[in-house]
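Q: Contents of my_file15.cif (mmCIF, C-alpha atoms) are given next:
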data_run
loop_
_atom_site.label_atom_id
_atom_site.label_comp_id
_atom_site.auth_asym_id
_atom_site.auth_seq_id
_atom_site.Cartn_x
_atom_site.Cartn_y
_atom_site.Cartn_z
CA MET P 1497 2.41 -24.24 21.59
CA SER P 1498 1.00 -25.06 25.00
CA ASP P 1499 3.78 -23.75 27.24
CA LYS P 1500 3.34 -20.01 27.60
CA ARG P 1501 5.18 -17.19 29.26
CA MET P 1502 3.87 -13.70 29.90
CA SER P 1503 5.85 -10.59 28.97
CA ASN P 1504 4.46 -7.08 29.37
CA ASP P 1505 0.85 -8.37 29.23
CA ARG P 1506 1.59 -10.21 25.97
CA SER P 1507 2.09 -13.97 25.91
CA PHE P 1508 4.70 -15.92 23.96
CA PRO P 1509 5.71 -19.56 23.82
CA ASP P 1510 8.66 -20.64 25.93
CA GLY P 1511 11.97 -20.24 24.15
CA ALA P 1512 13.51 -17.53 22.01
CA ALA P 1513 13.25 -15.65 18.74
CA LEU P 1514 16.11 -16.20 16.29
CA VAL P 1515 16.75 -13.08 14.24
CA PHE P 1516 18.76 -13.72 11.09
CA GLY P 1517 20.37 -10.41 10.17
CA GLY P 1518 20.27 -9.30 13.79
CA SER P 1519 23.43 -7.24 13.36
CA GLY P 1520 21.92 -5.20 10.52
CA GLY P 1521 20.45 -1.75 11.01
CA ILE P 1522 16.81 -2.85 11.04
CA GLY P 1523 17.58 -6.31 12.42
CA GLN P 1524 19.17 -4.74 15.48
CA GLY P 1525 15.99 -2.81 16.15
CA VAL P 1526 13.91 -5.96 15.77
CA ALA P 1527 16.12 -7.93 18.17
CA LEU P 1528 16.04 -5.13 20.74
CA GLU P 1529 12.24 -4.90 20.63
CA PHE P 1530 11.95 -8.62 21.37
CA GLY P 1531 14.26 -8.11 24.32
CA ARG P 1532 12.21 -5.15 25.56
CA ALA P 1533 9.13 -7.37 25.39
CA GLY P 1534 10.89 -9.88 27.64
CA VAL P 1535 11.51 -12.43 24.88
CA PRO P 1536 14.91 -14.17 24.80
CA VAL P 1537 16.77 -13.53 21.55
CA ALA P 1538 19.30 -15.43 19.46
CA VAL P 1539 21.06 -12.81 17.33
CA GLY P 1540 22.17 -14.17 13.97
CA TYR P 1541 24.96 -12.43 12.08
CA ARG P 1542 27.42 -13.07 9.26
CA SER P 1543 30.42 -10.79 9.77
CA LYS P 1544 29.57 -8.14 12.38
CA ALA P 1545 30.34 -10.12 15.52
CA ASP P 1546 30.98 -6.96 17.54
CA VAL P 1547 27.61 -5.47 16.60
CA ALA P 1548 25.78 -8.72 17.31
CA GLU P 1549 27.40 -8.96 20.74
CA ARG P 1550 26.54 -5.34 21.48
CA VAL P 1551 22.90 -6.04 20.65
CA ALA P 1552 22.93 -9.15 22.82
CA ALA P 1553 24.52 -7.21 25.67
CA SER P 1554 21.79 -4.56 25.44
CA ILE P 1555 19.14 -7.27 25.67
CA ARG P 1556 20.89 -8.84 28.65
CA GLY P 1557 20.85 -5.37 30.19
CA GLU P 1558 17.06 -5.64 30.15
CA GLY P 1559 17.38 -8.81 32.23
CA VAL P 1560 16.58 -11.02 29.23
CA LYS P 1561 18.64 -13.93 27.92
CA ALA P 1562 20.45 -13.37 24.61
CA SER P 1563 23.02 -15.20 22.51
CA THR P 1564 24.87 -14.64 19.22
CA HIS P 1565 25.29 -17.09 16.34
CA ARG P 1566 27.33 -16.71 13.17
CA ALA P 1567 26.01 -18.01 9.85
CA ASP P 1568 26.42 -17.32 6.17
CA VAL P 1569 22.77 -17.72 5.19
CA THR P 1570 23.65 -18.94 1.69
CA ASP P 1571 25.10 -22.12 3.28
CA PRO P 1572 22.43 -24.54 4.56
CA ALA P 1573 24.92 -26.23 6.88
CA GLN P 1574 25.76 -22.94 8.61
CA ILE P 1575 22.07 -22.09 8.98
CA ALA P 1576 21.40 -25.50 10.53
CA ALA P 1577 24.38 -25.17 12.87
CA ALA P 1578 23.27 -21.71 14.04
CA LEU P 1579 19.74 -22.97 14.69
CA ASP P 1580 21.02 -26.00 16.61
CA ALA P 1581 23.30 -23.79 18.71
CA ALA P 1582 20.44 -21.41 19.47
CA ILE P 1583 18.24 -24.33 20.53
CA ASP P 1584 21.02 -25.59 22.78
CA VAL P 1585 21.16 -22.20 24.52
CA HIS P 1586 17.45 -21.43 24.74
CA GLY P 1587 15.79 -24.85 24.69
CA ARG P 1588 13.46 -23.85 21.89
CA ILE P 1589 13.18 -21.36 19.04
CA HIS P 1590 9.56 -20.32 18.61
CA THR P 1591 10.07 -17.59 16.00
CA ILE P 1592 12.38 -17.14 13.03
CA VAL P 1593 12.70 -13.50 11.97
CA TRP P 1594 14.17 -13.06 8.51
CA ALA P 1595 15.98 -9.70 8.44
CA ALA P 1596 19.09 -10.75 6.50
CA GLY P 1597 20.08 -9.05 3.29
CA PRO P 1598 23.06 -7.46 1.54
CA LEU P 1599 23.61 -3.76 0.93
CA VAL P 1600 21.76 -3.20 -2.35
CA ASN P 1601 22.89 -0.51 -4.76
CA GLN P 1602 20.13 1.47 -6.45
CA ARG P 1603 20.10 0.45 -10.11
CA LEU P 1604 17.59 0.35 -12.91
CA ILE P 1605 16.88 -3.14 -14.20
CA ALA P 1606 18.76 -2.30 -17.39
CA GLU P 1607 21.86 -1.45 -15.31
CA MET P 1608 21.90 -4.57 -13.12
CA THR P 1609 24.60 -7.14 -13.70
CA ALA P 1610 24.17 -10.89 -13.52
CA ASP P 1611 26.37 -10.89 -10.41
CA ASP P 1612 24.16 -8.23 -8.78
CA TRP P 1613 21.09 -10.35 -9.40
CA ARG P 1614 22.70 -13.62 -8.34
CA ARG P 1615 23.94 -12.16 -5.05
CA ALA P 1616 20.56 -10.66 -4.20
CA ILE P 1617 18.76 -13.94 -4.90
CA GLU P 1618 21.34 -16.03 -3.02
CA VAL P 1619 21.12 -14.01 0.18
CA GLU P 1620 17.50 -12.87 0.25
CA THR P 1621 15.64 -15.76 -1.38
CA ILE P 1622 17.80 -18.87 -1.12
CA GLY P 1623 18.85 -17.73 2.35
CA PHE P 1624 15.26 -17.51 3.56
CA PHE P 1625 14.47 -20.92 2.06
CA ASN P 1626 17.49 -22.36 3.90
CA ALA P 1627 16.26 -20.88 7.18
CA ALA P 1628 12.71 -22.12 6.71
CA LYS P 1629 13.85 -25.59 5.68
CA ALA P 1630 16.05 -25.87 8.78
CA ALA P 1631 13.39 -24.57 11.17
CA LEU P 1632 10.39 -26.62 10.05
CA PRO P 1633 11.35 -29.92 11.74
CA HIS P 1634 12.02 -28.09 15.01
CA PHE P 1635 8.76 -26.14 14.80
CA ARG P 1636 6.79 -29.30 14.08
CA ALA P 1637 8.40 -31.21 16.94
CA ALA P 1638 7.77 -28.30 19.33
CA GLY P 1639 4.08 -28.10 18.42
CA GLY P 1640 4.28 -24.91 16.37
CA GLY P 1641 6.22 -21.77 15.63
CA SER P 1642 6.19 -18.66 13.50
CA PHE P 1643 8.08 -17.06 10.64
CA VAL P 1644 8.26 -13.28 10.33
CA ALA P 1645 9.93 -12.08 7.14
CA LEU P 1646 10.90 -8.49 6.42
CA GLY P 1647 9.74 -7.64 2.93
CA SER P 1648 9.37 -4.36 1.10
CA ALA P 1649 6.61 -1.81 0.69
CA GLY P 1650 7.88 -1.70 -2.89
CA HIS P 1651 5.76 -4.80 -3.54
CA LEU P 1652 2.73 -2.51 -3.61
CA ARG P 1653 4.21 0.16 -5.89
CA TRP P 1654 7.45 -0.49 -7.77
CA PRO P 1655 10.23 1.88 -6.60
CA ASP P 1656 12.50 2.66 -9.54
CA ARG P 1657 16.10 1.47 -9.02
CA ASP P 1658 15.32 -0.64 -5.94
CA GLY P 1659 14.65 -3.88 -7.78
CA LEU P 1660 17.61 -5.76 -6.31
CA SER P 1661 15.87 -5.50 -2.96
CA VAL P 1662 12.22 -5.70 -3.97
CA ALA P 1663 12.25 -8.57 -6.49
CA PRO P 1664 13.98 -11.20 -4.29
CA LYS P 1665 11.72 -10.26 -1.37
CA ALA P 1666 8.71 -10.77 -3.65
CA ALA P 1667 9.71 -14.42 -4.03
CA ASN P 1668 9.82 -14.68 -0.25
CA GLU P 1669 6.29 -13.30 -0.06
CA SER P 1670 5.07 -16.26 -2.09
CA LEU P 1671 7.05 -18.66 0.07
CA ILE P 1672 5.50 -17.11 3.20
CA ARG P 1673 2.04 -17.80 1.81
CA GLY P 1674 3.07 -21.35 0.97
CA LEU P 1675 4.44 -21.94 4.45
CA ALA P 1676 1.27 -20.55 5.99
CA ARG P 1677 -0.89 -22.80 3.84
CA GLU P 1678 1.08 -26.02 4.10
CA GLU P 1679 2.29 -25.79 7.69
CA GLY P 1680 -0.79 -24.35 9.41
CA ARG P 1681 -1.89 -27.90 10.24
CA HIS P 1682 1.18 -28.05 12.51
CA ASP P 1683 0.29 -24.73 14.20
CA ILE P 1684 3.08 -23.00 12.28
CA ARG P 1685 2.33 -19.45 11.18
CA ALA P 1686 4.08 -17.29 8.58
CA ASN P 1687 3.65 -13.56 8.02
CA SER P 1688 5.61 -10.69 6.54
CA ILE P 1689 6.22 -7.02 7.22
CA LEU P 1690 6.37 -4.73 4.21
CA VAL P 1691 9.08 -2.31 5.25
CA GLY P 1692 9.11 1.28 4.01
CA VAL P 1693 11.88 3.88 4.23
CA ILE P 1694 13.48 3.34 7.64
CA GLU P 1695 16.17 5.47 9.28
CA ALA P 1696 18.34 2.38 9.75
CA GLY P 1697 19.91 -0.30 7.63
CA MET P 1698 20.56 0.47 3.96
CA PHE P 1699 18.81 3.82 3.70
CA PRO P 1700 21.27 5.97 5.72
CA VAL P 1701 24.25 4.32 3.99
CA LEU P 1702 22.86 4.86 0.49
CA LEU P 1703 21.85 8.40 1.42
CA GLU P 1704 25.38 9.18 2.57
CA GLN P 1705 26.75 7.70 -0.65
CA GLY P 1706 24.56 10.05 -2.66
CA GLN P 1707 22.45 7.29 -4.23
CA PHE P 1708 19.35 9.24 -3.17
CA ASP P 1709 19.23 12.90 -4.18
CA GLN P 1710 16.97 15.66 -2.91
CA ALA P 1711 14.51 15.13 -5.75
CA TRP P 1712 14.13 11.48 -4.68
CA ILE P 1713 13.63 12.50 -1.06
CA ASP P 1714 10.99 15.08 -2.00
CA GLU P 1715 9.11 12.69 -4.29
CA THR P 1716 9.19 9.85 -1.76
CA MET P 1717 7.97 12.10 1.02
CA LYS P 1718 4.98 13.01 -1.16
CA MET P 1719 4.16 9.30 -1.30
CA LEU P 1720 3.97 9.02 2.50
CA ALA P 1721 0.78 9.67 4.45
CA LEU P 1722 2.88 10.11 7.61
CA LYS P 1723 5.45 12.77 6.75
CA ARG P 1724 8.51 11.17 8.34
CA TRP P 1725 10.85 8.26 7.84
CA GLY P 1726 10.23 5.17 9.91
CA LYS P 1727 12.28 3.83 12.81
CA ALA P 1728 13.70 0.35 13.27
CA ALA P 1729 11.57 0.08 16.40
CA ASP P 1730 8.43 0.50 14.27
CA VAL P 1731 9.36 -2.67 12.41
CA GLY P 1732 10.49 -4.41 15.59
CA ARG P 1733 7.24 -3.83 17.46
CA THR P 1734 5.29 -5.26 14.53
CA ALA P 1735 7.52 -8.35 14.48
CA VAL P 1736 6.96 -8.82 18.22
CA PHE P 1737 3.19 -8.62 17.72
CA LEU P 1738 3.27 -11.20 14.91
CA ALA P 1739 5.33 -13.57 17.07
CA SER P 1740 3.02 -13.24 20.07
CA ASP P 1741 -0.20 -15.05 20.89
CA ASP P 1742 -2.03 -11.80 20.12
CA ALA P 1743 -1.49 -12.85 16.49
CA ALA P 1744 -2.24 -16.55 17.07
CA TYR P 1745 -4.94 -16.62 14.36
CA ILE P 1746 -3.02 -14.52 11.84
CA THR P 1747 -1.08 -16.28 9.11
CA GLY P 1748 -0.19 -15.74 5.48
CA GLN P 1749 -0.59 -11.98 5.87
CA GLN P 1750 1.35 -8.81 5.16
CA ILE P 1751 1.49 -5.81 7.48
CA ASN P 1752 2.65 -2.65 5.73
CA VAL P 1753 4.94 -0.62 8.01
CA SER P 1754 5.70 2.24 5.68
CA GLY P 1755 3.91 5.35 6.87
CA GLY P 1756 1.16 4.86 4.30
CA TYR P 1757 3.50 4.69 1.30
CA GLY P 1758 1.59 4.91 -1.96
CA LEU P 1759 -1.86 5.71 -0.55
#
Give the structure from the file, written as structure tokens.

A:
Amino acid sequence: MSDKRMSNDRSFPDGAALVFGGSGGIGQGVALEFGRAGVPVAVGYRSKADVAERVAASIRGEGVKASTHRADVTDPAQIAAALDAAIDVHGRIHTIVWAAGPLVNQRLIAEMTADDWRRAIEVETIGFFNAAKAALPHFRAAGGGSFVALGSAGHLRWPDRDGLSVAPKAANESLIRGLAREEGRHDIRANSILVGVIEAGMFPVLLEQGQFDQAWIDETMKMLALKRWGKAADVGRTAVFLASDDAAYITGQQINVSGGYGL
């Protein structure tokens, strides 16, 4: 990772960050924060081409290069094709941000169906493995790189009914540690962000659907040290830090961005 570029007093390798799930509520915020930091962005999406292009256009509006790339993350061939296309555009991908995930209904374990579980695992866990597997040869050849995975603050205290989100992400946490351990010799880092209740992504949708009632809101707010919901930018700024050289000696770690959930 010898070629550096400076952005807002923070240095990054040459190339771009590829954000899988960049058209999602939180993923959009992550992609935009990279752009605001002066880092080129490859916005990965599955079906929301218009949203992905809008995010890319906003980044270009900051005078920063951006591209969009479609991929169903459950298909290794589509992941590989998206990565290759992003490399063609940007020359190098120095960071993979894993922000992909389906809308997850709030269900107790006893109420989950086999299809619910299979879909969550396919997208969240198999999808992240596919992305990591595709990126490793490129990272090694480029002299390093970083993975930043969005996990859940629910890893620290189980949130009833949110298991379809928390459990698959827990598998990714172990894979992050494995990547950090095995690939550190190649100057490849891997870290995760434990995401709390954020006013973007699934939470507003599920709130509108009535899957969270006032009692849930009141109880969750009691669990927060900071008495507000988080913003997508809070997650995005943390991802930018972990991708930068400010975090060059940080790997295999979790940063909890949840307003002090469960303290």

Q: Can you pull out every residue within 12 Å of Glu1618 (chain P), counting all atoms listed in the file, but drop anything in the same chain fewer than 5 positions away, and send it as a ChimeraX atom specification?

A: /P:1568-1572,1596-1598,1611-1613,1623-1626,1660-1661,1664-1665,1667-1668

Q: Quick one: which residues end up in the PyMOL selection byres ((chain P and resi 1733) around 9) for this structure, as a PyMOL selection string?

A: chain P and resi 1525-1526+1529-1530+1533+1728-1732+1734-1738

Q: Nearest to Leu1514 (chain P): which of P:Ala1637, P:Ala1631, P:Leu1690, P:Ala1545 is it, counting all atoms listed in the file?

A: P:Ala1631

Q: Looking at all atoms listed in the file, which of P:Leu1579, P:Ile1617, P:Ala1744, P:Ala1628 is the one that sits closest to Ala1666 (chain P)?

A: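 Closest to Ala1666 (chain P), using all atoms listed in the file: P:Ile1617.
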
Q: Using all atoms listed in the file, pick whichever of P:Ala1616, P:Val1600, P:Ile1751, P:Glu1607 has the shortest atom-to-atom distance to Glu1669 (chain P).

A: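 Counting all atoms listed in the file, the residue closest to Glu1669 (chain P) is P:Ile1751.
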
Q: Pull out every residue that the PyMOL selection byres ((chain P and resi 1756) around 8) matches in the shown coordinates and put them as number ranges by chain.

A: P: 1719-1722, 1752-1755, 1757-1759

Q: Measuring between only C-alpha atoms, which one of P:Ala1627, P:Val1644, P:Asp1714, P:His1682 shows the shortest distance to Ala1573 (chain P)?

A: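 Ranking P:Ala1627, P:Val1644, P:Asp1714, P:His1682 by distance to Ala1573 (chain P), first place goes to P:Ala1627.
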
Q: Closest to Pro1700 (chain P) among P:Asp1683, P:Ser1543, P:Lys1727, P:Ile1583, using all atoms listed in the file?

A: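 Smallest distance to Pro1700 (chain P) is found for P:Lys1727.
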
Q: Using all atoms listed in the file, which residue out of P:Leu1599, P:Val1691, P:Ala1527, P:Ile1672 lies closest to Gln1705 (chain P)?

A: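 When distances to Gln1705 (chain P) are compared using all atoms listed in the file, the smallest one comes from P:Leu1599.
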